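Single-structure report; data block below.
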Amino acid sequence: MTGGGIVAETVFRFGPLQITGTVITTWGIMAAIWLSGWTLTRRLALEPGTLQTAAEGIVGTIEEAIRAVAPGETRLLLPFIGSLWIFLVIANLCGLIPGLHSPTRDLSATSALAILVFLSVYWYGVRSGGLKAYLRHYLAPSPILLPFHVISEITRTVALAVRLFGNMMSLEMAALLILVVAGFLAPIPILMLHIVEALVQAYIFGMLALIYVAGGLQSQQLRQQSKE
């Protein structure tokens with residue numbers, strides 16, 4: 001990213017593709033998550049050490065959050081929602097590392113995440129009740145509501161992307177302005193503000209994604225029960 005700017009800086013080109021700092025940071029985070037997961041699962045023990053205990057605590061917390069929203073679908077949704085939450089936490093906190101910016105302060109990154117959530121709602125909905133049954137819910141309770149259902153799907157996806165982008169961009173810009181004005185007289189409060197806000201934004205995005213997916217699953221289940 002350019003210093004303090006909102007336009008992603010091109011690091012290098014690969015043919016017609018422009019590789020930006022956001023892309024490199026995002027792939028670095030994904031590689032780190034994969035490597036950490038692979039390392040932790042290679043040495044599982046009945047008497048867990050510190051790292052395994054911490055990992056189990058994180059997974060258990062995510063499971064409880066999913067179970068509270070979508071009872072009975074925890075195992076189905078855990079891989080996607082858990083991965084999304086972990087990625088968002090790390091991505092939002094990347095701005096604390098000197099020389100790096102949070103990928104989520106780039107609208108292209110948050111848009112990609114929102115589209116991923118949008119597609120996952122369809123994936124889980126179709127997987128639960130079939131393509132015809134899922135598409136039929138757009139016509140319920142009346143075909144007149146079809147345009148409103150479509151508009152709702154689009155607007156909530158756009159809002160999901162813009163909300164995270166706007167909050168993370170404003171957070172980093174506010175921290176930069178305060179440091180410029182006050183120097184390093186108050187670095188700890190700014191650091192704590194960044195950490196808390198980054199965690200809150202990751203939680204909100206992940207919870208909204210969970211609610212959207214769970215809503216699609218539950219609507220399919222209710223239709224199947226009504227037919228029976």
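Each chain in the structure tokens gets a letter, A, B and so on, in the order shown; residues start at 1 in every chain, and ligands are counted from 1 in the order they appear.
Taking only range 16-191 of chain A, the residues that DSSP calls strand (DSSP E or B) from the backbone come to Leu17, Gln18, Ile19 and Thr20 of chain A.
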Restrict the selected residues to N, CA and C atoms and save them as a PDB file, in the first residue's frame.
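Done, and the output landed in out_12.pdb:
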```pdb
ATOM      1  N   LEU A  17      -1.252  -9.651 -14.928  1.00  0.00           N
ATOM      2  CA  LEU A  17      -1.678  -9.558 -13.534  1.00  0.00           C
ATOM      3  C   LEU A  17      -0.796  -8.592 -12.760  1.00  0.00           C
ATOM      4  N   GLN A  18      -1.424  -7.793 -11.918  1.00  0.00           N
ATOM      5  CA  GLN A  18      -0.711  -6.883 -11.033  1.00  0.00           C
ATOM      6  C   GLN A  18      -0.765  -7.436  -9.615  1.00  0.00           C
ATOM      7  N   ILE A  19       0.383  -7.746  -9.062  1.00  0.00           N
ATOM      8  CA  ILE A  19       0.467  -8.288  -7.709  1.00  0.00           C
ATOM      9  C   ILE A  19       0.710  -7.137  -6.743  1.00  0.00           C
ATOM     10  N   THR A  20      -0.264  -6.883  -5.882  1.00  0.00           N
ATOM     11  CA  THR A  20      -0.173  -5.769  -4.937  1.00  0.00           C
ATOM     12  C   THR A  20       0.279  -6.258  -3.566  1.00  0.00           C
TER      13      THR A  20
END
```
Checklist entry - If you count only C-alpha atoms, which residues fall within 12 Å of Met30 in chain A, apart from same-chain ones fewer than 5 positions away, as a ChimeraX atom specification? => result /A:23-25,35-37,83-84,86-88,90-91,103
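Summary of the local environment: counting only C-alpha atoms, residues at most 7 Å from range 128-145 of chain A, other than itself and those fewer than 3 positions away along its chain, are Tyr124, Gly125, Phe148, His149, Leu217 and Gln220 of chain A.
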Checklist entry - Which neighbours of Val69 in chain A fall inside 12 Å, counting only C-alpha atoms, when residues of the same chain fewer than 4 positions from it are skipped, and could you give them as a PyMOL selection string? => result chain A and resi 62-65+73-74+77+81+206-215+217-218
Give me a file of those residues, with C-alpha atoms, as a tab-separated table (two decimals), in the first residue's frame.
```
chain	number	residue	atom	x	y	z
A	62	ILE	CA	-15.79	-20.93	17.71
A	63	GLU	CA	-17.83	-24.12	18.05
A	64	GLU	CA	-19.88	-22.58	20.86
A	65	ALA	CA	-20.55	-19.46	18.79
A	73	GLU	CA	-24.80	-27.59	12.08
A	74	THR	CA	-21.60	-27.01	14.04
A	77	LEU	CA	-20.01	-24.83	9.36
A	81	ILE	CA	-16.62	-19.97	9.69
A	206	GLY	CA	-17.70	-13.51	11.01
A	207	MET	CA	-20.95	-13.40	12.98
A	208	LEU	CA	-22.84	-11.79	10.10
A	209	ALA	CA	-21.48	-14.45	7.75
A	210	LEU	CA	-22.60	-17.14	10.20
A	211	ILE	CA	-26.08	-15.63	10.47
A	212	TYR	CA	-26.48	-15.42	6.69
A	213	VAL	CA	-25.39	-19.03	6.15
A	214	ALA	CA	-27.43	-20.33	9.07
A	215	GLY	CA	-30.47	-18.44	7.78
A	217	LEU	CA	-29.87	-23.60	6.10
A	218	GLN	CA	-32.73	-23.08	8.52
```
Checklist entry - Of the residues A:Pro147, A:Gly166, A:Gly82, A:Gly15, which is the one nearest to Ala55 in chain A, using only C-alpha atoms? => result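 Ranked by minimum distance to Ala55 in chain A, first place goes to A:Gly82.
The two atoms in question, CA of Met169 in chain A and CA of Arg105 in chain A, are spaced 4.8 Å apart.
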Checklist entry - DSSP says alpha helix (DSSP H) for which residues of range 5-228 of chain A? Put them as a PyMOL selection string? => result chain A and resi 21-42+50-69+74-93+107-129+131-136+146-182+187-227
Item to check | Neighbour list for range 93-101 of chain A as number ranges by chain, cut-off 12 Å, only C-alpha atoms, skip fewer than 2 positions in-chain | outcome: A: 1-9, 20-26, 28-29, 86-91, 103-106, 168-169, 171-173, 175-176, 187-188, 190-202
Next on the checklist: To one decimal place in Å, what is the distance between CA of Ala161 in chain A and CA of Ile204 in chain A?
Outcome noted: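 Calculated distance between CA of Ala161 in chain A and CA of Ile204 in chain A is 11.9 Å.
Picture a line from CA of Ala112 in chain A to CA of Thr61 in chain A; it runs 25.7 Å.
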